[in-house]
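What follows is the content of my_file.txt (compact mmCIF, C-alpha atoms).
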# COMPACT_ATOMS: atom_id res chain seq x y z
CA MET A 15 60.63 131.15 116.16
CA LYS A 16 60.97 130.58 112.43
CA THR A 17 58.83 132.59 110.06
CA SER A 18 56.57 130.78 107.63
CA GLU A 19 58.85 131.91 104.79
CA GLN A 20 61.84 130.32 106.53
CA VAL A 21 59.95 127.07 107.10
CA ILE A 22 58.83 126.90 103.47
CA ASP A 23 62.34 127.68 102.26
CA GLU A 24 63.86 124.95 104.40
CA ILE A 25 61.23 122.44 103.22
CA LEU A 26 61.92 123.23 99.57
CA THR A 27 65.67 122.97 100.07
CA LEU A 28 65.33 119.67 101.91
CA ALA A 29 62.97 118.27 99.27
CA ALA A 30 65.27 119.33 96.44
CA THR A 31 68.31 117.81 98.13
CA HIS A 32 66.79 114.43 98.92
CA PHE A 33 64.63 113.93 95.86
CA LYS A 34 67.19 115.17 93.35
CA THR A 35 65.28 118.13 92.05
CA ASP A 36 66.55 121.58 91.16
CA ARG A 37 65.69 123.88 94.08
CA ALA A 38 64.93 126.72 91.67
CA GLU A 39 62.16 124.63 90.10
CA LEU A 40 60.25 124.26 93.36
CA SER A 41 57.72 126.75 94.62
CA PRO A 42 55.43 126.79 97.70
CA ASP A 43 52.21 125.95 95.90
CA ASP A 44 53.57 123.01 93.93
CA ASP A 45 51.98 119.58 94.33
CA PHE A 46 54.95 117.79 95.85
CA PHE A 47 53.77 114.34 94.76
CA LYS A 48 53.83 115.47 91.13
CA LYS A 49 56.78 117.84 91.31
CA LEU A 50 59.06 115.41 93.12
CA GLY A 51 57.56 112.37 91.38
CA ILE A 52 57.11 110.52 94.66
CA ASP A 53 54.73 107.80 95.84
CA SER A 54 53.31 107.31 99.33
CA LEU A 55 56.34 105.36 100.59
CA GLN A 56 58.58 108.25 99.53
CA ALA A 57 56.12 110.73 101.04
CA LEU A 58 56.67 108.95 104.36
CA GLU A 59 60.41 109.39 103.82
CA LEU A 60 59.82 113.11 103.25
CA LEU A 61 57.71 113.27 106.41
CA THR A 62 60.44 111.59 108.45
CA ARG A 63 63.10 113.91 107.04
CA LEU A 64 60.95 116.93 107.91
CA GLU A 65 60.33 115.65 111.45
CA ASN A 66 64.06 115.08 111.92
CA HIS A 67 65.00 118.44 110.42
CA PHE A 68 62.53 120.52 112.43
CA SER A 69 62.62 118.27 115.53
CA VAL A 70 58.85 117.96 115.55
CA GLU A 71 56.42 115.07 115.71
CA LEU A 72 53.96 115.30 112.87
CA PRO A 73 51.26 112.62 112.86
CA ASP A 74 50.76 111.38 109.32
CA TYR A 75 46.98 111.84 109.56
CA GLU A 76 47.62 115.58 109.90
CA VAL A 77 49.34 115.67 106.54
CA ALA A 78 47.12 113.12 104.79
CA GLY A 79 45.47 114.93 101.91
CA VAL A 80 48.08 117.68 101.95
CA THR A 81 49.77 117.92 98.56
CA ASP A 82 51.43 121.36 98.47
CA PHE A 83 54.52 122.62 100.27
CA ARG A 84 52.78 125.69 101.71
CA THR A 85 50.14 123.69 103.61
CA LEU A 86 52.80 121.26 104.71
CA ALA A 87 54.76 124.20 106.12
CA GLU A 88 51.67 125.39 108.02
CA ARG A 89 51.25 121.96 109.62
CA ILE A 90 54.90 121.97 110.67
CA GLN A 91 54.79 125.53 111.95
CA ALA A 92 51.87 124.60 114.20
CA ARG A 93 54.18 122.14 115.93
CA LEU A 94 57.26 124.34 116.29
CA MET B 11 71.89 74.84 106.18
CA GLN B 12 74.41 77.56 107.05
CA SER B 13 73.45 79.75 104.14
CA TYR B 14 70.49 80.07 101.82
CA LYS B 15 69.62 82.38 98.96
CA GLY B 16 65.93 82.49 98.22
CA GLU B 17 63.56 84.63 96.20
CA THR B 18 62.52 86.81 99.11
CA LEU B 19 65.23 86.36 101.73
CA THR B 20 68.76 85.16 102.30
CA TRP B 21 70.54 83.97 105.38
CA GLU B 22 74.14 83.30 106.24
CA LEU B 23 76.09 82.28 109.32
CA ILE B 24 79.00 84.69 109.65
CA ASP B 25 81.39 84.42 112.58
CA GLY B 26 78.74 83.05 114.93
CA CYS B 27 76.05 85.49 113.86
CA VAL B 28 73.17 84.56 111.60
CA GLU B 29 72.22 87.39 109.26
CA LEU B 30 68.76 87.11 107.74
CA ALA B 31 68.32 89.62 104.92
CA LEU B 32 64.91 90.40 103.42
CA HIS B 33 64.98 91.35 99.74
CA ARG B 34 61.60 91.21 98.10
CA GLU B 35 60.53 94.19 95.96
CA PRO B 36 59.17 96.71 96.73
CA CYS B 37 59.37 96.57 100.53
CA ASN B 38 59.45 92.94 101.67
CA GLU B 39 55.69 92.45 101.73
CA ILE B 40 55.01 89.12 103.42
CA GLY B 41 53.04 86.83 101.13
CA LEU B 42 53.04 83.07 100.66
CA LYS B 43 56.54 82.89 99.18
CA THR B 44 58.09 84.90 102.02
CA LEU B 45 56.17 82.76 104.51
CA GLU B 46 57.51 79.57 102.94
CA GLU B 47 61.06 80.89 103.07
CA LEU B 48 60.65 82.07 106.66
CA GLU B 49 59.45 78.55 107.52
CA LYS B 50 62.55 77.20 105.83
CA PHE B 51 64.62 79.54 107.97
CA VAL B 52 62.89 78.38 111.16
CA GLU B 53 63.68 74.79 110.19
CA ALA B 54 67.34 75.69 109.63
CA HIS B 55 67.37 77.68 112.86
CA GLU B 56 67.05 74.41 114.80
CA THR B 57 70.64 73.71 113.79
CA LEU B 58 71.88 77.29 113.53
CA LYS B 59 70.93 78.05 117.12
CA ASN B 60 73.61 75.62 118.28
CA GLN B 61 76.28 77.24 116.11
CA ALA B 62 75.60 80.93 116.66
CA HIS B 63 75.15 83.50 119.41
CA ALA B 64 73.07 86.12 117.62
CA LEU B 65 70.59 86.63 114.82
CA ILE B 66 70.26 89.88 112.91
CA ILE B 67 67.20 90.48 110.73
CA HIS B 68 67.56 93.33 108.25
CA SER B 69 66.36 94.50 104.86
CA GLN B 70 68.22 95.10 101.64
CA MET B 71 65.35 97.13 100.19
CA LYS B 72 65.75 100.88 100.04
CA ALA B 73 62.13 101.64 101.05
CA GLY B 74 62.48 100.03 104.42
CA PHE B 75 62.55 97.02 106.70
CA CYS B 76 59.17 95.57 105.74
CA ALA B 77 55.79 97.03 104.76
CA GLY B 78 53.87 94.12 106.32
CA ALA B 79 51.56 91.54 104.84
CA ASP B 80 51.19 91.33 101.07
CA LEU B 81 47.75 92.94 100.91
CA ARG B 82 47.44 92.60 97.16
CA ASP B 83 48.04 88.86 97.36
CA LEU B 84 45.57 88.59 100.24
CA TYR B 85 42.92 90.62 98.44
CA PHE B 86 43.08 88.74 95.15
CA ARG B 87 43.17 85.30 96.78
CA ALA B 88 40.21 86.16 99.02
CA LYS B 89 38.32 87.73 96.13
CA GLU B 90 38.84 84.66 93.96
CA MET B 91 37.24 82.35 96.51
CA GLY B 92 34.83 84.95 97.94
CA PHE B 93 35.56 86.94 101.09
CA ASP B 94 32.84 85.06 102.99
CA LYS B 95 34.65 81.79 102.33
CA ALA B 96 38.21 83.04 102.84
CA ALA B 97 38.40 82.72 106.63
CA PRO B 98 40.03 79.23 106.56
CA LEU B 99 42.68 80.52 104.14
CA VAL B 100 43.41 83.47 106.44
CA ARG B 101 43.48 81.25 109.52
CA ASP B 102 45.93 78.86 107.90
CA PHE B 103 48.25 81.74 106.94
CA LEU B 104 48.05 83.23 110.44
CA ASN B 105 48.74 79.89 112.13
CA ARG B 106 51.81 79.43 109.95
CA ILE B 107 53.19 82.94 110.40
CA HIS B 108 52.57 82.72 114.16
CA ARG B 109 54.63 79.52 114.28
CA VAL B 110 57.45 81.40 112.55
CA MET B 111 57.19 84.46 114.80
CA ASN B 112 56.96 82.33 117.95
CA ALA B 113 60.02 80.31 116.94
CA ILE B 114 62.12 83.44 116.41
CA ASP B 115 60.74 84.96 119.63
CA ALA B 116 61.74 81.81 121.54
CA SER B 117 65.17 81.53 119.93
CA PRO B 118 67.99 81.11 122.45
CA LEU B 119 70.05 83.46 120.27
CA THR B 120 70.10 87.17 121.00
CA THR B 121 67.97 88.52 118.19
CA ILE B 122 68.31 91.98 116.68
CA ALA B 123 66.09 93.77 114.17
CA ALA B 124 68.13 96.34 112.24
CA THR B 125 65.49 98.61 110.76
CA HIS B 126 65.30 101.53 108.40
CA GLY B 127 62.46 103.19 106.52
CA VAL B 128 59.02 101.64 106.48
CA THR B 129 58.50 99.18 109.34
CA PHE B 130 54.77 98.74 109.12
CA GLY B 131 52.20 96.13 110.14
CA GLY B 132 53.68 92.66 109.77
CA GLY B 133 57.11 94.25 109.40
CA PHE B 134 56.71 95.96 112.75
CA GLU B 135 55.54 92.63 114.16
CA LEU B 136 58.65 90.90 112.81
CA ALA B 137 60.81 93.54 114.52
CA LEU B 138 58.85 93.06 117.75
CA VAL B 139 59.74 89.36 118.02
CA CYS B 140 63.40 90.39 118.26
CA ASP B 141 65.12 91.10 121.57
CA LEU B 142 66.52 94.44 120.38
CA ILE B 143 65.47 96.91 117.74
CA ILE B 144 68.26 99.04 116.31
CA ALA B 145 66.78 101.70 114.07
CA ASP B 146 68.32 104.25 111.80
CA LYS B 147 66.84 107.72 112.08
CA MET B 148 64.77 107.24 108.93
CA ALA B 149 62.88 104.24 110.33
CA ARG B 150 59.14 104.64 110.74
CA PHE B 151 56.83 102.34 112.70
CA CYS B 152 53.10 101.89 112.24
CA PHE B 153 50.18 99.56 112.76
CA PRO B 154 47.80 100.67 109.98
CA GLU B 155 45.48 97.65 110.27
CA LEU B 156 42.46 99.53 111.64
CA ARG B 157 42.37 101.43 108.34
CA LEU B 158 41.51 98.06 106.78
CA GLY B 159 38.93 97.07 109.39
CA LEU B 160 41.39 94.67 111.02
CA ILE B 161 43.76 94.35 113.94
CA PRO B 162 47.42 93.36 113.50
CA GLY B 163 47.49 89.61 112.84
CA PHE B 164 51.11 88.51 113.22
CA GLY B 165 51.28 88.96 117.00
CA GLY B 166 51.51 92.74 117.11
CA ILE B 167 49.29 93.74 120.01
CA PRO B 168 50.40 91.07 122.52
CA ARG B 169 54.06 91.75 121.78
CA LEU B 170 53.67 95.52 121.81
CA LYS B 171 51.87 95.24 125.16
CA ARG B 172 54.74 93.10 126.42
CA ASP B 173 57.23 95.86 125.64
CA LEU B 174 55.37 99.15 126.07
CA GLY B 175 52.82 100.87 128.26
CA ASN B 176 49.23 100.34 127.23
CA ALA B 177 48.69 104.05 126.53
CA VAL B 178 51.31 103.98 123.78
CA VAL B 179 49.81 100.79 122.39
CA ARG B 180 46.37 102.41 122.22
CA ASP B 181 47.80 105.53 120.59
CA LEU B 182 49.48 103.52 117.84
CA LEU B 183 46.59 101.13 117.26
CA LEU B 184 43.59 103.41 117.57
CA THR B 185 45.01 106.29 115.51
CA GLY B 186 46.90 104.09 113.04
CA ARG B 187 49.55 106.79 112.93
CA SER B 188 53.17 106.15 112.16
CA ILE B 189 55.97 107.27 114.46
CA ASN B 190 59.58 107.95 113.63
CA ALA B 191 62.58 106.27 115.21
CA THR B 192 63.26 109.13 117.61
CA LYS B 193 59.76 108.82 119.05
CA ALA B 194 60.05 105.02 119.04
CA GLN B 195 63.22 105.27 121.11
CA ALA B 196 61.61 107.78 123.48
CA VAL B 197 58.76 105.35 124.26
CA GLY B 198 61.18 102.46 124.80
CA LEU B 199 60.67 100.51 121.61
CA VAL B 200 64.02 101.17 119.95
CA SER B 201 67.14 100.33 121.94
CA GLN B 202 69.64 102.18 119.74
CA LEU B 203 69.02 105.06 117.36
CA VAL B 204 71.72 105.36 114.73
CA ALA B 205 72.64 107.43 111.69
CA GLU B 206 70.90 106.86 108.40
CA GLY B 207 72.20 103.68 106.77
CA ASP B 208 74.09 102.46 109.85
CA ALA B 209 71.58 100.09 111.49
CA LEU B 210 73.16 96.89 110.17
CA LYS B 211 76.67 98.04 111.05
CA VAL B 212 75.65 98.86 114.62
CA ALA B 213 73.69 95.59 114.86
CA ARG B 214 76.91 93.75 113.99
CA PHE B 215 78.78 95.62 116.74
CA THR B 216 76.04 94.63 119.15
CA ALA B 217 76.14 91.00 118.00
CA ALA B 218 79.91 90.99 118.62
CA GLN B 219 79.30 92.30 122.15
CA VAL B 220 76.71 89.64 123.07
CA LYS B 221 79.13 86.96 121.88
CA LYS B 222 81.23 87.66 124.99
CA PHE B 223 78.60 86.14 127.28
CA ASP B 224 77.95 82.49 128.06
CA ARG B 225 75.18 81.37 125.69
CA ALA B 226 73.30 79.24 128.20
CA THR B 227 73.21 82.14 130.67
CA ALA B 228 72.07 84.61 128.02
CA ALA B 229 69.36 82.20 126.84
CA ALA B 230 68.14 81.64 130.43
CA ALA B 231 68.04 85.38 131.08
CA LYS B 232 66.13 85.97 127.87
CA LYS B 233 63.57 83.27 128.67
CA PHE B 234 63.04 84.84 132.10
CA MET B 235 62.79 88.43 130.81
CA LYS B 236 60.76 87.87 127.67
CA PRO B 237 57.87 85.47 128.19
CA ILE B 238 55.86 84.73 125.06
CA PRO B 239 52.17 85.69 125.46
CA TYR B 240 50.81 82.51 123.84
CA ALA B 241 47.23 82.85 125.13
CA GLU B 242 46.86 86.40 123.78
CA LEU B 243 48.50 85.40 120.51
CA ARG B 244 45.89 82.67 120.01
CA GLN B 245 43.16 85.15 120.93
CA GLU B 246 44.51 87.57 118.34
CA ILE B 247 44.06 84.96 115.58
CA GLU B 248 40.42 84.43 116.64
CA ILE B 249 39.66 88.17 116.64
CA PHE B 250 41.40 88.68 113.30
CA CYS B 251 39.50 85.83 111.64
CA GLU B 252 36.20 87.09 113.01
CA LEU B 253 36.87 90.63 111.75
CA PHE B 254 38.00 89.35 108.37
CA THR B 255 34.44 88.28 107.51
CA LYS B 256 33.10 91.84 107.96
CA PRO B 257 32.34 93.98 104.88
CA ALA B 258 34.73 96.72 106.08
CA VAL B 259 37.72 94.49 105.35
CA GLU B 260 36.86 93.80 101.73
CA ALA B 261 36.19 97.51 101.24
CA GLY B 262 39.43 98.51 102.95
CA LEU B 263 41.55 96.03 101.03
CA ARG B 264 39.90 96.99 97.74
CA LYS B 265 40.59 100.64 98.41
CA PHE B 266 44.25 99.87 99.09
CA VAL B 267 44.74 97.53 96.13
CA GLU B 268 42.80 99.51 93.56
CA SER B 269 44.18 102.87 94.63
CA ASP B 270 45.47 104.59 91.52
CA ASN B 271 46.92 107.58 93.31
CA ALA B 272 50.22 107.83 95.14
CA HIS B 273 48.74 107.59 98.62
CA PRO B 274 48.01 103.96 99.60
CA TYR B 275 50.45 104.00 102.54
CA LEU B 276 49.08 107.27 103.92
CA PRO B 277 46.09 107.30 106.28

Same coordinates, now as structure tokens:
Amino acid sequence: MKTSEQVIDEILTLAATHFKTDRAELSPDDDFFKKLGIDSLQALELLTRLENHFSVELPDYEVAGVTDFRTLAERIQARL
Amino acid sequence: MQSYKGETLTWELIDGCVELALHREPCNEIGLKTLEELEKFVEAHETLKNQAHALIIHSQMKAGFCAGADLRDLYFRAKEMGFDKAAPLVRDFLNRIHRVMNAIDASPLTTIAATHGVTFGGGFELALVCDLIIADKMARFCFPELRLGLIPGFGGIPRLKRDLGNAVVRDLLLTGRSINATKAQAVGLVSQLVAEGDALKVARFTAAQVKKFDRATAAAAKKFMKPIPYAELRQEIEIFCELFTKPAVEAGLRKFVESDNAHPYLP
């Protein structure tokens, strides 16, 4: 079972890799829409990448309204 | 016409396979121009079907296969004439897009949707008319119409019911949630799940395989296996047009179109 710190770290690394952002500039409480500069279509891409990475199914209505990495990690952890 | 380059789509006959590429920014939203060019394709298909063995539909847009109907176009056209008077406009569009979808569905060619990214609403419906869906692992499928106070209008429910168990259909429709390609393959929607960016390549391999079979036999088998649910498709148009006159639709479309945040494609 991954710890919440591990899940957050993996999310930040994945986000930095795929949205061309410096990993060091990302922190758990960042608004990922603003920090990554993404729109809703790209947010769906992020969701799909997270589902594939963690091998979970995460209904989009569970993450609707979520804007920070930490809450996103909590939603994912609930499905691990 | 063996090849065509339009504003929203392009097609070409290559070695017995017709490749129809969608390329309208941002994600192939289907408005009047796309409809007109799809109708042009259906007209050309009458000749192409005698020269080819397969049809591949794919997208050249990074965001995905197709995000569905052009809701902005729909909203502003309906608003201009008044939502209460827009039903004939909507009916005309639906009749035309159904003729396109039905023609591709009934094609004697083996038809393949090569999908990636957003495959939503009308885009999902376009994939569903094809015999096979080959999806890369970043593809995502969704029927978000209930968020707008509508049901899918391009043949989605009858064709989804044709292919999947009703429980899955209800899950997708009544929650409006999107599912990824892995889930879509697990429920039987996607025939081949491939690496990111490889859907078109694998679709071409598949098209080369189906070329080995006698066309008349393949067409007969397809007609037997894949009946077109015409009665339900007509019923869908009636339900859609009836729902379109309800206040929830204008409110839902306005919310989508006037959204100034980054979330319009999220539930």

* Which polymer residues have any atom within 7 Å of an atom of Ile67 in chain B, counting only C-alpha atoms, with same-chain residues fewer than 3 positions away left out, as JSON, numbers by chain? -> {"B": [29, 30, 31, 122, 123, 124]}

Give me the residues near range 54-69 of chain A as a compact mmCIF listing (two decimals) with C-alpha atoms, keeping the file's coordinate frame, where near means some atom within 10 Å (using all atoms listed in the file) and where sequence neighbours in that chain fewer than 6 positions away do not count.
# COMPACT_ATOMS: atom_id res chain seq x y z
CA VAL A 21 59.95 127.07 107.10
CA GLU A 24 63.86 124.95 104.40
CA ILE A 25 61.23 122.44 103.22
CA LEU A 28 65.33 119.67 101.91
CA ALA A 29 62.97 118.27 99.27
CA HIS A 32 66.79 114.43 98.92
CA PHE A 33 64.63 113.93 95.86
CA PHE A 46 54.95 117.79 95.85
CA PHE A 47 53.77 114.34 94.76
CA VAL A 77 49.34 115.67 106.54
CA THR A 81 49.77 117.92 98.56
CA LEU A 86 52.80 121.26 104.71
CA ALA A 87 54.76 124.20 106.12
CA ILE A 90 54.90 121.97 110.67
CA GLN A 91 54.79 125.53 111.95
CA ARG A 93 54.18 122.14 115.93
CA LEU A 94 57.26 124.34 116.29
CA PRO B 36 59.17 96.71 96.73
CA CYS B 37 59.37 96.57 100.53
CA ALA B 73 62.13 101.64 101.05
CA GLY B 74 62.48 100.03 104.42
CA ALA B 77 55.79 97.03 104.76
CA GLY B 127 62.46 103.19 106.52
CA VAL B 128 59.02 101.64 106.48
CA LYS B 147 66.84 107.72 112.08
CA MET B 148 64.77 107.24 108.93
CA ALA B 149 62.88 104.24 110.33
CA ARG B 150 59.14 104.64 110.74
CA SER B 188 53.17 106.15 112.16
CA ILE B 189 55.97 107.27 114.46
CA ASN B 190 59.58 107.95 113.63
CA ALA B 191 62.58 106.27 115.21
CA THR B 192 63.26 109.13 117.61
CA ASN B 271 46.92 107.58 93.31
CA ALA B 272 50.22 107.83 95.14
CA HIS B 273 48.74 107.59 98.62
CA PRO B 274 48.01 103.96 99.60
CA TYR B 275 50.45 104.00 102.54
CA LEU B 276 49.08 107.27 103.92

Each chain A residue no farther than 6 Å from chain B, nearest pair in Å, only C-alpha atoms, as CSV:
residue,atom,partner,partner_atom,distance
A:Asp53,CA,B:Ala272,CA,4.6
A:Ser54,CA,B:His273,CA,4.6
A:Asp74,CA,B:Arg187,CA,6.0
A:Tyr75,CA,B:Pro277,CA,5.7

Take the selection from the previous step and output its residues with C-alpha atoms, as a PDB file, keeping the file's coordinate frame.
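This is the output file result.pdb:
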ATOM      1  CA  ASP A  53      54.730 107.800  95.840  1.00  0.00           C
ATOM      2  CA  SER A  54      53.310 107.310  99.330  1.00  0.00           C
ATOM      3  CA  ASP A  74      50.760 111.380 109.320  1.00  0.00           C
ATOM      4  CA  TYR A  75      46.980 111.840 109.560  1.00  0.00           C
TER       5      TYR A  75
END

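Using all atoms listed in the file, the nearest neighbour of Phe103 in chain B within the list B:Ser117, B:Ser201, B:Thr20, B:Thr44 is B:Thr44.
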
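Candidate residues A:Arg89, A:Arg37, A:Lys48, A:Lys16 were compared for distance to Pro73 in chain A, and the nearest is A:Arg89, using only C-alpha atoms.
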
Written coordinates, C-alpha atoms of range 15-93 of chain A as a PDB file, in the first residue's frame:
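So decode26.pdb came out as:
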ATOM      1  CA  MET A  15       0.000   0.000   0.000  1.00  0.00           C
ATOM      2  CA  LYS A  16       1.426   3.359  -0.989  1.00  0.00           C
ATOM      3  CA  THR A  17       1.577   6.121   1.575  1.00  0.00           C
ATOM      4  CA  SER A  18      -0.144   9.407   0.846  1.00  0.00           C
ATOM      5  CA  GLU A  19       3.289  11.033   0.508  1.00  0.00           C
ATOM      6  CA  GLN A  20       4.257   8.493  -2.149  1.00  0.00           C
ATOM      7  CA  VAL A  21       1.004   9.042  -4.048  1.00  0.00           C
ATOM      8  CA  ILE A  22       1.427  12.820  -3.988  1.00  0.00           C
ATOM      9  CA  ASP A  23       5.048  12.524  -5.078  1.00  0.00           C
ATOM     10  CA  GLU A  24       4.146  10.286  -8.002  1.00  0.00           C
ATOM     11  CA  ILE A  25       1.336  12.645  -9.052  1.00  0.00           C
ATOM     12  CA  LEU A  26       3.652  15.654  -9.009  1.00  0.00           C
ATOM     13  CA  THR A  27       6.320  13.805 -10.979  1.00  0.00           C
ATOM     14  CA  LEU A  28       3.793  12.615 -13.544  1.00  0.00           C
ATOM     15  CA  ALA A  29       2.265  16.091 -13.883  1.00  0.00           C
ATOM     16  CA  ALA A  30       5.681  17.708 -14.290  1.00  0.00           C
ATOM     17  CA  THR A  31       6.736  15.175 -16.915  1.00  0.00           C
ATOM     18  CA  HIS A  32       3.636  15.398 -19.092  1.00  0.00           C
ATOM     19  CA  PHE A  33       2.855  19.083 -18.766  1.00  0.00           C
ATOM     20  CA  LYS A  34       6.435  20.291 -19.125  1.00  0.00           C
ATOM     21  CA  THR A  35       6.802  21.873 -15.733  1.00  0.00           C
ATOM     22  CA  ASP A  36       9.775  21.826 -13.392  1.00  0.00           C
ATOM     23  CA  ARG A  37       9.058  19.207 -10.718  1.00  0.00           C
ATOM     24  CA  ALA A  38      10.714  21.396  -8.084  1.00  0.00           C
ATOM     25  CA  GLU A  39       8.127  24.109  -8.732  1.00  0.00           C
ATOM     26  CA  LEU A  40       5.182  21.872  -7.870  1.00  0.00           C
ATOM     27  CA  SER A  41       3.861  21.397  -4.369  1.00  0.00           C
ATOM     28  CA  PRO A  42       0.878  19.413  -2.979  1.00  0.00           C
ATOM     29  CA  ASP A  43      -1.392  22.380  -2.347  1.00  0.00           C
ATOM     30  CA  ASP A  44      -0.931  24.010  -5.733  1.00  0.00           C
ATOM     31  CA  ASP A  45      -3.967  24.621  -7.950  1.00  0.00           C
ATOM     32  CA  PHE A  46      -3.023  22.305 -10.792  1.00  0.00           C
ATOM     33  CA  PHE A  47      -5.168  24.138 -13.353  1.00  0.00           C
ATOM     34  CA  LYS A  48      -3.203  27.324 -12.705  1.00  0.00           C
ATOM     35  CA  LYS A  49       0.193  25.789 -12.019  1.00  0.00           C
ATOM     36  CA  LEU A  50       0.171  23.535 -15.074  1.00  0.00           C
ATOM     37  CA  GLY A  51      -1.790  26.038 -17.175  1.00  0.00           C
ATOM     38  CA  ILE A  52      -4.271  23.398 -18.289  1.00  0.00           C
ATOM     39  CA  ASP A  53      -7.895  23.512 -19.435  1.00  0.00           C
ATOM     40  CA  SER A  54     -10.585  20.893 -18.881  1.00  0.00           C
ATOM     41  CA  LEU A  55      -9.579  18.811 -21.917  1.00  0.00           C
ATOM     42  CA  GLN A  56      -6.032  18.618 -20.549  1.00  0.00           C
ATOM     43  CA  ALA A  57      -7.403  17.878 -17.076  1.00  0.00           C
ATOM     44  CA  LEU A  58      -9.075  14.823 -18.601  1.00  0.00           C
ATOM     45  CA  GLU A  59      -5.684  13.859 -20.037  1.00  0.00           C
ATOM     46  CA  LEU A  60      -4.183  14.192 -16.558  1.00  0.00           C
ATOM     47  CA  LEU A  61      -6.996  12.064 -15.128  1.00  0.00           C
ATOM     48  CA  THR A  62      -6.399   9.346 -17.721  1.00  0.00           C
ATOM     49  CA  ARG A  63      -2.651   9.385 -17.077  1.00  0.00           C
ATOM     50  CA  LEU A  64      -3.274   9.053 -13.338  1.00  0.00           C
ATOM     51  CA  GLU A  65      -5.719   6.175 -13.847  1.00  0.00           C
ATOM     52  CA  ASN A  66      -3.210   4.400 -16.078  1.00  0.00           C
ATOM     53  CA  HIS A  67      -0.305   5.053 -13.713  1.00  0.00           C
ATOM     54  CA  PHE A  68      -2.061   3.900 -10.543  1.00  0.00           C
ATOM     55  CA  SER A  69      -4.234   1.265 -12.287  1.00  0.00           C
ATOM     56  CA  VAL A  70      -7.388   2.698 -10.760  1.00  0.00           C
ATOM     57  CA  GLU A  71     -10.739   3.793 -12.124  1.00  0.00           C
ATOM     58  CA  LEU A  72     -11.494   7.306 -11.001  1.00  0.00           C
ATOM     59  CA  PRO A  73     -14.906   8.632 -12.069  1.00  0.00           C
ATOM     60  CA  ASP A  74     -14.525  12.217 -13.230  1.00  0.00           C
ATOM     61  CA  TYR A  75     -17.408  13.364 -11.009  1.00  0.00           C
ATOM     62  CA  GLU A  76     -15.277  12.390  -8.005  1.00  0.00           C
ATOM     63  CA  VAL A  77     -12.576  14.819  -9.039  1.00  0.00           C
ATOM     64  CA  ALA A  78     -14.878  17.553 -10.376  1.00  0.00           C
ATOM     65  CA  GLY A  79     -14.230  20.623  -8.260  1.00  0.00           C
ATOM     66  CA  VAL A  80     -10.872  19.296  -7.087  1.00  0.00           C
ATOM     67  CA  THR A  81      -8.128  21.747  -7.980  1.00  0.00           C
ATOM     68  CA  ASP A  82      -5.155  20.821  -5.763  1.00  0.00           C
ATOM     69  CA  PHE A  83      -2.791  17.863  -5.967  1.00  0.00           C
ATOM     70  CA  ARG A  84      -3.282  16.856  -2.326  1.00  0.00           C
ATOM     71  CA  THR A  85      -7.054  16.319  -2.653  1.00  0.00           C
ATOM     72  CA  LEU A  86      -6.503  14.578  -5.956  1.00  0.00           C
ATOM     73  CA  ALA A  87      -4.094  12.218  -4.187  1.00  0.00           C
ATOM     74  CA  GLU A  88      -6.720  11.504  -1.504  1.00  0.00           C
ATOM     75  CA  ARG A  89      -9.276  10.568  -4.170  1.00  0.00           C
ATOM     76  CA  ILE A  90      -6.768   8.230  -5.803  1.00  0.00           C
ATOM     77  CA  GLN A  91      -5.682   6.694  -2.517  1.00  0.00           C
ATOM     78  CA  ALA A  92      -9.306   5.828  -1.750  1.00  0.00           C
ATOM     79  CA  ARG A  93      -9.283   3.643  -4.849  1.00  0.00           C
TER      80      ARG A  93
END
